[in-house]
Each structure stands twice: as structure tokens, then as C-alpha cells.
Amino acid sequence: MEGDGNEIDAERYEEGESVTDILRDRFRLSTISIAETQARKLGMQMSEPIIACISELAFKYTAHLAKDLQLFAQHANRKCVNTEDVILAAHRNEHVASTLRSFYDDLKAKEPQSERKRKKASKNKDKATTSAVHFPDL
């Protein structure tokens, strides 16, 4: 039964690929819907090839952004992406970065403040943030 391990790996790979395909399709449908809605709001018409191009570019940009976020977290010796990573990823567009900072500050202001001081986390543990994404070990 030497091939059993390879079959399981192949099944996991195919399952991962099908999930990726489903996510890609859903993302593209959402992007197309948003583009069409915005075009209608502005009284414009968009051709199908342009909408498909916008959808493809948005998907590729999002995949690139996700990889950057993962690398930022790994560089900081963390397994989770935090809000600082997202703000750092947006540094090329100052308007987006400032909007994200403002949004993050608003979220922090709404968090209830505890009355007693918390113990400081050890240097080996990840810092807790309001939102984090966990990446499994590769």
C-alpha cells in the first residue's frame, strides 16, 4: 500500500484546488456585481470584456495582497496577520492607509477598557489584536 499516501495528498490537492476555484468564481461574481452597480449609479455602461478584466485584476491584486500580508506576519515571527500588517500593506496609497488607520482607531476606541492591568505577554507569544487571520504552517 505504498500509493496510499500519494492518493491522500492528491485528494487534498484536488480538494484545495476546487475550493480555490469556488472562491475565485465567487470573488469574480461579486466584483462583476459591484462594477455593474457602480456603472449604473454613474449612468454608464461597461462592456463585458472590461468587466471581466476588472474582475481578473481585482482577484490578482487580492491574491498578491494576501501573500504580502502573510509575509509581513512571518517576518514578525507571527502566524497571524494583524491590523498593523494590513495598514503596512496599504502604505503605497496614503488615502487608503489613513482610512484604515482611522477605522482601526475607531475600533480600538469602542473596545471596553478593563479596570485591571493585564500581564504582559511573553516575547514568544503573538500579540493579540482586534482582528487576526491564522495561516497554517506550510
# chains A, B, ... in the order shown; residues from 1 in each chain; ligands from 1
>>> residues_around(residues="range 48-51 of chain A", least_positions_apart="3", cutoff="8 Å", atoms="only C-alpha atoms", output="PyMOL selection string")
chain A and resi 32+35-36+54-55
>>> residues_around(residues="Lys60 in chain A", least_positions_apart="6", cutoff="12 Å", atoms="only C-alpha atoms", output="list in words")
Arg24, Phe27, Arg28, Cys53, Ile54, Ala66 and Lys67 of chain A
>>> write_last_selection(atoms="all heavy atoms", output="mmCIF file, in the first residue's frame")
data_model
loop_
_atom_site.group_PDB
_atom_site.id
_atom_site.type_symbol
_atom_site.label_atom_id
_atom_site.label_comp_id
_atom_site.auth_asym_id
_atom_site.auth_seq_id
_atom_site.Cartn_x
_atom_site.Cartn_y
_atom_site.Cartn_z
ATOM 1 N N ARG A 24 -12.533 31.739 -6.172
ATOM 2 C CA ARG A 24 -12.219 32.622 -7.302
ATOM 3 C C ARG A 24 -13.499 32.997 -8.053
ATOM 4 O O ARG A 24 -13.716 34.162 -8.370
ATOM 5 C CB ARG A 24 -11.233 31.939 -8.242
ATOM 6 C CG ARG A 24 -10.851 32.810 -9.434
ATOM 7 C CD ARG A 24 -9.878 32.118 -10.368
ATOM 8 N NE ARG A 24 -8.600 31.924 -9.709
ATOM 9 C CZ ARG A 24 -7.992 30.743 -9.566
ATOM 10 N NH1 ARG A 24 -8.547 29.652 -10.046
ATOM 11 N NH2 ARG A 24 -6.835 30.664 -8.956
ATOM 12 N N PHE A 27 -15.592 35.370 -5.915
ATOM 13 C CA PHE A 27 -14.960 36.688 -5.890
ATOM 14 C C PHE A 27 -15.238 37.426 -7.190
ATOM 15 O O PHE A 27 -15.595 38.609 -7.188
ATOM 16 C CB PHE A 27 -13.447 36.537 -5.677
ATOM 17 C CG PHE A 27 -12.727 37.846 -5.565
ATOM 18 C CD1 PHE A 27 -12.576 38.455 -4.334
ATOM 19 C CD2 PHE A 27 -12.204 38.473 -6.689
ATOM 20 C CE1 PHE A 27 -11.915 39.666 -4.223
ATOM 21 C CE2 PHE A 27 -11.543 39.687 -6.590
ATOM 22 C CZ PHE A 27 -11.401 40.279 -5.349
ATOM 23 N N ARG A 28 -15.078 36.735 -8.303
ATOM 24 C CA ARG A 28 -15.305 37.367 -9.601
ATOM 25 C C ARG A 28 -16.756 37.790 -9.769
ATOM 26 O O ARG A 28 -17.039 38.880 -10.290
ATOM 27 C CB ARG A 28 -14.876 36.433 -10.720
ATOM 28 C CG ARG A 28 -13.369 36.325 -10.814
ATOM 29 C CD ARG A 28 -12.933 35.422 -11.927
ATOM 30 N NE ARG A 28 -11.475 35.434 -12.018
ATOM 31 C CZ ARG A 28 -10.764 34.461 -12.526
ATOM 32 N NH1 ARG A 28 -11.358 33.388 -13.007
ATOM 33 N NH2 ARG A 28 -9.452 34.547 -12.575
ATOM 34 N N CYS A 53 -12.124 42.034 -17.214
ATOM 35 C CA CYS A 53 -10.755 42.488 -16.943
ATOM 36 C C CYS A 53 -10.646 43.069 -15.536
ATOM 37 O O CYS A 53 -9.697 42.765 -14.803
ATOM 38 C CB CYS A 53 -10.351 43.522 -17.983
ATOM 39 S SG CYS A 53 -8.661 44.099 -17.795
ATOM 40 N N ILE A 54 -11.613 43.883 -15.147
ATOM 41 C CA ILE A 54 -11.622 44.462 -13.796
ATOM 42 C C ILE A 54 -11.687 43.351 -12.759
ATOM 43 O O ILE A 54 -10.972 43.372 -11.753
ATOM 44 C CB ILE A 54 -12.797 45.446 -13.632
ATOM 45 C CG1 ILE A 54 -12.539 46.705 -14.458
ATOM 46 C CG2 ILE A 54 -13.027 45.789 -12.161
ATOM 47 C CD1 ILE A 54 -13.739 47.626 -14.546
ATOM 48 N N ALA A 66 -2.797 39.255 -0.178
ATOM 49 C CA ALA A 66 -2.827 38.184 0.820
ATOM 50 C C ALA A 66 -1.433 37.604 1.037
ATOM 51 O O ALA A 66 -1.026 37.337 2.176
ATOM 52 C CB ALA A 66 -3.794 37.091 0.392
ATOM 53 N N LYS A 67 -0.685 37.427 -0.034
ATOM 54 C CA LYS A 67 0.677 36.912 0.092
ATOM 55 C C LYS A 67 1.562 37.910 0.840
ATOM 56 O O LYS A 67 2.355 37.522 1.707
ATOM 57 C CB LYS A 67 1.252 36.621 -1.300
ATOM 58 C CG LYS A 67 2.606 35.979 -1.283
ATOM 59 C CD LYS A 67 2.555 34.601 -0.668
ATOM 60 C CE LYS A 67 3.914 33.944 -0.718
ATOM 61 N NZ LYS A 67 3.947 32.708 0.041
#
>>> select_by_dssp(residues="range 17-132 of chain A", states="alpha helix (DSSP H)", output="ChimeraX atom specification")
/A:17-41,48-75,83-89,94-110
>>> closest_residue(among="A:Thr37, A:Thr83, A:Ser47, A:Thr62", to="Tyr104 in chain A", atoms="only C-alpha atoms")
A:Thr83
>>> atom_distance(atom1="CA of Asp85 in chain A", atom2="CA of Leu69 in chain A")
6.0 Å
>>> atom_distance(atom1="CA of Asn82 in chain A", atom2="CA of Phe103 in chain A")
13.9 Å
>>> closest_residue(among="A:Thr20, A:Asn77, A:Gln70, A:Ser102", to="Ala89 in chain A", atoms="only C-alpha atoms")
A:Gln70
>>> residues_around(residues="Leu88 in chain A", least_positions_apart="2", cutoff="10 Å", atoms="only C-alpha atoms", output="VMD selection string")
chain A and resid 68 to 69 72 83 to 86 90 to 92 97 100 to 101
>>> write_last_selection(atoms="all heavy atoms", output="compact mmCIF listing (two decimals), in the first residue's frame")
# COMPACT_ATOMS: atom_id res chain seq x y z
N ASP A 68 1.42 39.21 0.52
CA ASP A 68 2.18 40.23 1.25
C ASP A 68 1.87 40.20 2.74
O ASP A 68 2.77 40.27 3.58
CB ASP A 68 1.88 41.63 0.70
CG ASP A 68 2.58 41.92 -0.61
OD1 ASP A 68 3.46 41.14 -1.00
OD2 ASP A 68 2.24 42.94 -1.23
N LEU A 69 0.59 40.09 3.08
CA LEU A 69 0.19 40.06 4.48
C LEU A 69 0.79 38.85 5.19
O LEU A 69 1.26 38.94 6.34
CB LEU A 69 -1.33 40.05 4.61
CG LEU A 69 -2.03 41.33 4.17
CD1 LEU A 69 -3.54 41.13 4.18
CD2 LEU A 69 -1.64 42.49 5.06
N PHE A 72 4.45 39.59 5.79
CA PHE A 72 4.65 40.55 6.88
C PHE A 72 4.54 39.85 8.23
O PHE A 72 5.35 40.10 9.13
CB PHE A 72 3.63 41.69 6.81
CG PHE A 72 3.80 42.61 5.64
CD1 PHE A 72 2.74 43.37 5.19
CD2 PHE A 72 5.00 42.74 4.97
CE1 PHE A 72 2.87 44.24 4.11
CE2 PHE A 72 5.16 43.59 3.89
CZ PHE A 72 4.09 44.34 3.46
N THR A 83 -3.85 43.85 12.27
CA THR A 83 -4.24 45.09 11.62
C THR A 83 -3.05 45.94 11.20
O THR A 83 -3.11 46.62 10.17
CB THR A 83 -5.16 45.92 12.53
OG1 THR A 83 -4.55 46.06 13.80
CG2 THR A 83 -6.50 45.27 12.68
N GLU A 84 -1.96 45.88 11.95
CA GLU A 84 -0.77 46.63 11.57
C GLU A 84 -0.23 46.15 10.22
O GLU A 84 0.26 46.95 9.42
CB GLU A 84 0.31 46.54 12.65
CG GLU A 84 -0.01 47.32 13.91
CD GLU A 84 -0.93 46.57 14.87
OE1 GLU A 84 -1.13 45.34 14.68
OE2 GLU A 84 -1.45 47.20 15.78
N ASP A 85 -0.32 44.84 9.98
CA ASP A 85 0.12 44.29 8.69
C ASP A 85 -0.73 44.84 7.55
O ASP A 85 -0.21 45.17 6.48
CB ASP A 85 0.03 42.76 8.70
CG ASP A 85 0.94 42.11 9.72
OD1 ASP A 85 2.03 42.67 10.00
OD2 ASP A 85 0.58 41.05 10.24
N VAL A 86 -2.02 44.93 7.77
CA VAL A 86 -2.93 45.43 6.73
C VAL A 86 -2.63 46.90 6.44
O VAL A 86 -2.55 47.31 5.27
CB VAL A 86 -4.41 45.24 7.15
CG1 VAL A 86 -5.34 45.86 6.13
CG2 VAL A 86 -4.72 43.76 7.35
N ALA A 90 -1.00 48.76 2.91
CA ALA A 90 -1.67 49.86 2.21
C ALA A 90 -0.80 51.10 2.11
O ALA A 90 -1.27 52.14 1.64
CB ALA A 90 -2.98 50.20 2.92
N HIS A 91 0.45 51.01 2.49
CA HIS A 91 1.31 52.22 2.55
C HIS A 91 1.51 52.90 1.20
O HIS A 91 1.80 54.08 1.14
CB HIS A 91 2.66 51.89 3.17
CG HIS A 91 3.61 51.21 2.23
ND1 HIS A 91 3.54 49.85 1.97
CD2 HIS A 91 4.62 51.70 1.49
CE1 HIS A 91 4.48 49.55 1.10
NE2 HIS A 91 5.16 50.64 0.80
N ARG A 92 1.33 52.19 0.09
CA ARG A 92 1.53 52.81 -1.22
C ARG A 92 0.43 53.79 -1.58
O ARG A 92 0.60 54.64 -2.43
CB ARG A 92 1.62 51.72 -2.29
CG ARG A 92 2.90 50.94 -2.23
CD ARG A 92 3.03 50.02 -3.42
NE ARG A 92 4.24 49.25 -3.31
CZ ARG A 92 4.27 47.94 -3.08
NH1 ARG A 92 3.14 47.27 -2.93
NH2 ARG A 92 5.42 47.31 -2.99
N ALA A 97 -4.39 54.04 3.40
CA ALA A 97 -3.70 53.80 4.67
C ALA A 97 -4.28 54.67 5.78
O ALA A 97 -4.51 54.20 6.90
CB ALA A 97 -2.19 54.06 4.51
N LEU A 100 -7.68 53.34 6.76
CA LEU A 100 -7.54 52.14 7.58
C LEU A 100 -7.11 52.48 9.00
O LEU A 100 -7.63 51.91 9.97
CB LEU A 100 -6.54 51.17 6.95
CG LEU A 100 -7.00 50.42 5.72
CD1 LEU A 100 -5.83 49.67 5.08
CD2 LEU A 100 -8.11 49.45 6.07
N ARG A 101 -6.15 53.41 9.14
CA ARG A 101 -5.72 53.83 10.48
C ARG A 101 -6.89 54.41 11.26
O ARG A 101 -7.07 54.13 12.45
CB ARG A 101 -4.59 54.85 10.37
CG ARG A 101 -3.24 54.24 10.15
CD ARG A 101 -2.14 55.30 10.25
NE ARG A 101 -1.08 54.95 9.33
CZ ARG A 101 -0.89 55.48 8.14
NH1 ARG A 101 -1.65 56.45 7.70
NH2 ARG A 101 0.09 55.06 7.36
